[in-house]
Amino acid sequence: MLSTPRKVLAAGALVALVAGLTSCSSSGESDGADVTGKDAGAMAEYKAGDQFKATEALDFSILFSDHPNYPLKEDWLFWEELTERTNVTLEPTVVPMSDYEQKRSLIVGAGNAPMIIPKTYPGQEEAFVSSGAILPVSKYLDLMPNLTEKIEKWGLEDNIEGLRQADGEFYVLPGVHEEVWQDYTIAVRTDVMEELGLEAPKDWDEFREVLVAIKAANPDSYPLSDRFKGDSLLNIVAMTYGVSAGWGWNAASWNEDDEKFEFTGTTDEYRDFVEYMAGLVEDGLIDPESFTQDDDSANQKFVSGKSFAISTNAQTLVNDYRQALSDTVPGATVAKIPLPAGPAGNVVAGTSLLENGIMINADALDSENFTAMMQFIDWLWYSEEGMEFAKWGVEGTTFTKDADGKRTLAADVDYVSLNPGAPKHLQKDFGFGGGVFAYGGTTDLLQSTFSEEELAFQEIMKEKDVLPLAPPYPLEEAEREQATLLETPLSDTAKQATLQFILGQRDLSEWDSYVAELEGKGVGTYLDLVNTAYDRYADSK
C-alpha cells in the first residue's frame, strides 16, 4: 500500500528567509522599519530570555476567543499575575469561540478590531491584507528577539517563508513548535479489539479490516460514528494520501514531478482517497451522519456503546470519552491508535510546526507604545518563561518544578485529568492553559502535560516521515482578488461533491462530470494564477 509521495501539501517554502530575519536590536529599535517615537514604555535593552516589564503601566486591547468549557473570568490569577510581571493590563473584547472566525472578520472589516488579534491560523490573514487593516509584522521582527531566535534555532525558515505575500512581507505571527507533532487520530474501543483479537492497524487497509471485524461482531451498529463533522477524519486520511481535505483543505496541491500546482480535488490521489472513504460508508463501517451530526450526538453514540471508534486528540480522549464511557459501559476501555499510514507513506505533515498565531491591527503602529507592545507579545507568546506561565501558571501556586525541571500540578488543581477529582481547575479557575495564550513552544513544554500513554503515542509518531513542504505562490493584490473569487466556488463545489461521493449520493462513475463542472467554474484560470505566482516567486530566488 505504501509508496514514495509524489504530492505534498500546499503550505510552506523551499528556501530560507531573506537576510536580516534574525537581526535583533537590543535597544528596542526596529532595523526593519522606522519606529521612531513609538518606544514609550518599552525596555531600552530587551533581548531573548529577558523578563519583559514595561517601564510604565500600559493597556493593550485584545480579541478573546471565549471557550465554553472555561469561560473568561475577570478574577483569574492569569490577569493579575500577567500585570504584575509585565506592567501590562489586557483589555479583552470577548467573542464566543463558536463565532470567533466570523466575528473576527466582521470586526476587522469594520475597522473596530483590538490591537492584538490572536487565534488566527496561517492563511486566514490573507483576507485582510489588501485592505491594509493588519500590519505587515515581518517588518518588525527585530523587536521580537525570542521569536527570531526560535525561528533560527528550530530551523523554521522554510515554514515562515511560506507565509509571505507578494509584497515580500507576512502578516501573521504564527505560533511555533520545536518539532513536528501529530495529535489527532482515531480513538478505538480497546476492550472490543482485545476481545476480537485485533491489533492496532498499521495502515488504512488494516484499519478497514478492524472496522469490518467490529461490524461482524456488532452487525446492527456503525463501528465509526464521527464528530467534528468528519473534518478531522478527512484531514488525516487525505494527508496520508498526499493531498488535503477536511480541516486541512488546500485548493492547490504541488505536483513534484511536473513542478506545478494542480487543483487538489481533481488529482488521482484525491480520487483514491474519496474512493476509500466511500467504500467505508457503502459497507456500513462509517455512520453517514458523521458528516452532519453535532459533536454531542457523536460523543453520546460512542460513550453509550452504540459506536466503537471516533476522531480524537489527547484532550478529548480524556475529557469527553474515557470517564463517560466507563460510567456507561462498565469495563470498556478506549485509546488513541497510532495514525495509520497511507499511499503517500508512513507520514505526518510538516505544517504542524506552525500553530495559530497573531495578527496586529495596523492602527497599532500609530501608538507611542508600539515597540512595548511588540516586546510584550514576544515575551508572552514566544519566550520560554512566558509560554510556561501561560500554560502552567504560577510556580508555588498552580504547579511546582523540581531540580530537573519537571513540572507537577499543585495537588488541589486538575488539568487534562492529571489530578482527577481535585477541587480546582487550571483553566476554569485560574485562566491558564487556555487556547488564546497557551500553544507552541519547546517539545518539553508541549509534552509536559502529556500522560505516559500520550508520551508513548508521540514516540511512535516520531518514527514517521515528514512530508516536504510545498513552495509558496505569493499572489499580487489583483491576482489574490481574482483567485479568491474563483477559489471559493471551486472549493465549495469540490467539498460538496466529495461528501456526495463518500455518502453514495453520487456514483464515482460521475467523476469526469464532476471534473468538468470544476472546469466550467474556472479551475484552469485559477491554476494559471497560482502557477504564474509560483513561477514569479521561483524566478526571484
# chains A, B, ... in the order shown; residues from 1 in each chain; ligands from 1

$ select_by_dssp --residues "segment 159-340 of chain A" --states "alpha helix (DSSP H)" --output "VMD selection string"
chain A and resid 159 to 161 190 to 195 204 to 217 231 to 240 268 to 282 295 to 303 314 to 316 323 to 328

$ residues_around --residues "Thr328 of chain A" --least-positions-apart "6" --cutoff "12 Å" --atoms "only C-alpha atoms" --output "PyMOL selection string"
chain A and resi 300-306+321-322

$ closest_residue --among "A:Glu487, A:Glu169, A:Asp50, A:Glu179" --to "Gly524 of chain A" --atoms "only C-alpha atoms"
A:Glu487

$ closest_atom_pairs --of "segment 412-508 of chain A" --to "segment 255-261 of chain A" --cutoff "10 Å" --atoms "only C-alpha atoms" --output "JSON lines"
{"residue": "A:Ala470", "atom": "CA", "partner": "A:Glu256", "partner_atom": "CA", "distance": 8.5}
{"residue": "A:Pro471", "atom": "CA", "partner": "A:Phe261", "partner_atom": "CA", "distance": 9.5}
{"residue": "A:Tyr473", "atom": "CA", "partner": "A:Phe261", "partner_atom": "CA", "distance": 9.4}

$ write_last_selection --atoms "all heavy atoms" --output "tab-separated table (two decimals), in the first residue's frame"
chain	number	residue	atom	x	y	z
A	470	ALA	N	5.39	22.27	0.38
A	470	ALA	CA	5.25	22.76	-0.99
A	470	ALA	C	5.77	24.19	-1.07
A	470	ALA	O	5.77	24.91	-0.07
A	470	ALA	CB	3.80	22.70	-1.42
A	471	PRO	N	6.20	24.63	-2.23
A	471	PRO	CA	6.67	26.00	-2.37
A	471	PRO	C	5.51	26.99	-2.26
A	471	PRO	O	4.36	26.64	-2.56
A	471	PRO	CB	7.29	26.04	-3.76
A	471	PRO	CG	6.58	24.96	-4.51
A	471	PRO	CD	6.30	23.88	-3.51
A	473	TYR	N	3.29	30.42	-3.28
A	473	TYR	CA	2.93	31.11	-4.52
A	473	TYR	C	2.29	32.44	-4.15
A	473	TYR	O	1.09	32.65	-4.28
A	473	TYR	CB	1.98	30.26	-5.38
A	473	TYR	CG	0.79	29.66	-4.67
A	473	TYR	CD1	-0.42	30.35	-4.62
A	473	TYR	CD2	0.88	28.43	-4.05
A	473	TYR	CE1	-1.51	29.80	-3.96
A	473	TYR	CE2	-0.21	27.88	-3.40
A	473	TYR	CZ	-1.40	28.57	-3.36
A	473	TYR	OH	-2.49	28.03	-2.71

$ atom_distance --atom1 "atom CA of Tyr514 of chain A" --atom2 "atom CA of Asp272 of chain A"
14.8 Å

$ closest_atom_pairs --of "segment 332-434 of chain A" --to "segment 81-98 of chain A" --cutoff "10 Å" --atoms "only C-alpha atoms" --output "Markdown table"
| residue | atom | partner | partner_atom | distance |
| --- | --- | --- | --- | --- |
| A:Ala372 | CA | A:Val88 | CA | 9.5 |
| A:Met373 | CA | A:Val88 | CA | 9.0 |
| A:Phe376 | CA | A:Thr86 | CA | 7.4 |
| A:Trp379 | CA | A:Thr86 | CA | 9.1 |
| A:Leu380 | CA | A:Leu82 | CA | 8.9 |
| A:Gly386 | CA | A:Leu82 | CA | 9.4 |
| A:Phe389 | CA | A:Leu82 | CA | 8.7 |
| A:Ala390 | CA | A:Leu82 | CA | 9.0 |
| A:Gly393 | CA | A:Glu81 | CA | 8.7 |
| A:Val394 | CA | A:Glu81 | CA | 7.9 |

$ write_last_selection --atoms "C-alpha atoms" --output "CSV table (one decimal), in the first residue's frame"
chain,number,residue,atom,x,y,z
A,372,ALA,CA,6.5,48.0,24.0
A,373,MET,CA,3.5,46.0,22.6
A,376,PHE,CA,5.2,42.2,25.3
A,379,TRP,CA,7.6,37.7,25.8
A,380,LEU,CA,4.2,36.2,26.4
A,386,GLY,CA,6.1,33.4,29.0
A,389,PHE,CA,3.5,31.0,32.5
A,390,ALA,CA,0.6,30.9,30.0
A,393,GLY,CA,0.6,29.3,35.8
A,394,VAL,CA,2.4,30.5,38.9

$ residues_around --residues "Gly405 of chain A" --least-positions-apart "3" --cutoff "12 Å" --atoms "only C-alpha atoms" --output "list in words"
Glu388, Glu395, Phe399, Thr400, Lys401, Asp402, Thr408, Asp444, Leu445 and Ser448 of chain A

$ select_by_dssp --residues "segment 344-401 of chain A" --states "strand (DSSP E)" --output "list of chain:residue names"
A:Val347, A:Val348, A:Ala349, A:Leu354, A:Glu355, A:Asn356, A:Gly357, A:Ile358, A:Met359, A:Ile360, A:Phe399, A:Thr400, A:Lys401
